[in-house]
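Colleague: First, the structure itself, so that you have it in front of you.
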Amino acid sequence: MTKKTSSIIFQEGFNITSPVMKEIHAEIYDYAYHGRPCILFGPSGAGKEFVARYYYKVFKEFSPLKGPFLSLNCAGLTPTIAISELFGHVRGSFTGAYKDKQGLFEKANNGILFLDEIGDIPTEVQSMLLRAIDPETHEARRLGSNNNYSTGNVIVICATDRSKDSLRLALLSRLGKQVEVPGVDKRGEDVHAAVQFFAHSALQKRRDKDEVINIVFEKQANEDIETPTGENPVIYVAQRIALRLSPMVIKRSWPGNFREIRNAIDTAIIRAKKTKGIENFIKNVEYYYNYHQRNFSDSLLESPAKIAEEKEVPDGSHSEDKNMNEKILKNICTTFPRIAEEERLSWALFLSDEDHRIFYRNELDSVLKFLKKRTIQERLKKLVESGIITRKGERGDEYHLNFETAVSSDEDLQSASLLSLPEFNFIPADREKEIRHVMELISNSRGVFISGDRKTGKTTFVFSLGVMLMKTRPVFYHALDDTKLIELFNIIAEKLKDNDIDNIPDFRHDDTRDLPVFAATLSGFLERLFPPDSEPVLILDNTNTLKSTSELKALNVMLQYWKMFSFILVGKKLGNELNMEEE
């Protein structure tokens, strides 16, 4: 059997990022791959059972043995009950034993038996347990029986929050490899992911979950909800809650570790009231989190900071707290489509803060401490290129938020289809002269071709040009892709129908040979769509995707017969196929 890297998430529900737990991850993986037992030490609530379940998943992935995962908490068991649970009993062996019973060692054959709180197991039971896990014997006997059975195919994983000195040396030596599972205080990097997981779990538990989500997003029942990041609404709300609460969680000490954190998050979300708007709902969650911590938690703030008393649950209507600007978040998602959700939200929160309209490079180190400085610098460069921020200062470490650009419409400019260009008020200073030159050309002709290779800023340039033109003329934008002109023509046909213009020919097939004819047919209808002297401008991006003879003929028909439009074509050079002025 070839060993391979497991794809299993280490701690069920959230990814582990702390170095100490990644090391334990690798250690447990090795023990599980080879089927070796181990004992887990660590404080209560640190997640020892999660580690045991991860062991089982790796074990089941590689081992030919496919038995179950069974567990027993040994705390508080009497000797008789402990023996019965572990090894089974026969009828009449003690009062109340009305029938034979299999023990966990029998039921867990070919699988894993997890014994939690092994340090609390009764002394009388330890000798029987020693015999069951001893590699020389591997046998056990039901209570009241004279017959032994084999336990050789059961792997025992144990856990305890006690010290090693509390266990008998003979038992400790037979329980296998020793693993220390640290508490929250040594795993700060895992807190954010844990809070997000607990928040998501708590939201799912609410019986009125669907109603809460609809009210939060101010939607009617059965109405589709679109989040700025495209995530499931429940996941998105959990992510936002985690960003708000994680800094508070990290500041506190947690004697109960992740179990105590989970209880605090669960309480806050279950008690939060249904309020319109995601920010108002998060404020409710924050209120009940703080309320729970002040009144019911033994956790202490590391600093003497005191939380102000609230006399009533806030509804957010008069809050002065700084909210995340959803349009900024949308622009961040467009600029960085592949980065982690935590990072997107962190950038959006930072830039939404009015105090960060002007900021310095080093201010980001504490906000994005999970990123390398080199990565932060690359992100800043991308934001400058997209026009969301500009770089200034003697050393170039001062950044200014281009607020008008950052809060542009939620529509993705790249994918807008025959819609008026949204606000895009950023005009690059170094391109303004060129923009005004092209505006002069377009005012004296019906078409301009803007050429250039990829990543040379053509799209940003044309958006800026569109903004200038929109002051006097309606401007429309369409990005051509694999569907070429077919999609554009169908969109126009639908718009004509929406404006009660009848007898529009259908063009729903892929036979591009009819494209020139269809383009000529549409010209007569388009004159009825626009008022006289409106002089609309149509921007067609990615024209280099038009390569077939039929497509080029159709585009020439548009240029010749769609006389109500002035055209701006953007892409790589088409050669001499089109009769246009080129920039």
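Ligands are numbered from 1 in the order shown, chains are lettered A, B, ... in the order of the structure tokens, and residues start at 1 in each chain.
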Extract, using only C-alpha atoms, all DNA, RNA and protein residues at most 8 Å from Ala193 in chain A, discarding same-chain residues fewer than 6 positions from it, and format them as a PyMOL selection string.
Modeller: chain A and resi 14-16+242
Colleague: Skipping near chain neighbours, those fewer than 4 positions away, what residues fall within 6 Å of Thr390 in chain A using only C-alpha atoms, listed as number ranges by chain?
Modeller: A: 384, 399-400
Colleague: Please measure the separation of CA of Gln293 in chain A and CA of Lys251 in chain A, giving the value in Å to one decimal.
Modeller: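 According to the coordinates, CA of Gln293 in chain A and CA of Lys251 in chain A are separated by 12.2 Å.
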Colleague: Skip range 40-51 of chain A itself and residues of its chain fewer than 5 positions away, then list as a list in words all residues within 6 Å of it, counting only C-alpha atoms.
Modeller: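 What passes the distance filter is Gln11, Ala159, Thr160, Asp161, Val179, Glu180, Val181, Pro182, Gly183, Gly256, Asn257, Phe258 and Arg259 of chain A.
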Colleague: I want to know what sits within 7 Å of range 109-113 of chain A, based on only C-alpha atoms, with residues of the same chain fewer than 4 positions away left out; could you give that as a list of chain:residue names?
Modeller: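 Neighbouring residues, sequence-local ones excluded: A:Tyr56, A:Leu65, A:Lys66, A:Gly67, A:Pro68, A:Phe69, A:Leu70, A:Ser71, A:Phe105, A:Asn153, A:Val154, A:Ile155, A:Val156, A:Ile157.
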Colleague: For Leu167 in chain A, which residue among A:Glu226, A:Ile39, A:Lys572, A:Ser346 is the nearest when counting only C-alpha atoms?
Modeller: A:Ile39
Colleague: What separation in Å, quoted to one decimal, exists between CA of Lys283 in chain A and CA of Glu343 in chain A?
Modeller: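 So the answer is 21.3 Å.
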Colleague: If we count only C-alpha atoms, what is near Ile269 in chain A at a cut-off of 12 Å, once residues fewer than 6 positions away on the same chain are taken out, given as number ranges by chain?
Modeller: A: 195-196, 198-206, 208-209, 212, 237-238, 241-242, 245, 262-263, 281-290, 292
Colleague: What is the distance between CA of Leu143 in chain A and CA of Val90 in chain A, in Å to one decimal?
Modeller: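 Going from CA of Leu143 in chain A over to CA of Val90 in chain A covers 6.3 Å.
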Colleague: Going by DSSP on the backbone, which residues of range 72-205 of chain A come out as alpha helix (DSSP H)? List them as a PyMOL selection string.
Modeller: chain A and resi 79-87+104-107+123-133+169-174+191-205
Colleague: Run DSSP on the backbone and grab whatever in range 55-284 of chain A lands in strand (DSSP E or B); send it over as JSON, numbers by chain.
Modeller: {"A": [69, 70, 71, 72, 73, 88, 89, 101, 102, 112, 113, 114, 115, 116, 139, 140, 141, 143, 148, 149, 150, 155, 156, 157, 158, 159, 160, 177, 178, 179, 180, 252]}
Colleague: Just want the 12 Å neighbourhood of range 93-99 of chain A, counted on only C-alpha atoms, with same-chain residues fewer than 3 positions away dropped. Output as a PyMOL selection string.
Modeller: chain A and resi 79-81+83-84+88-90+102+142-146
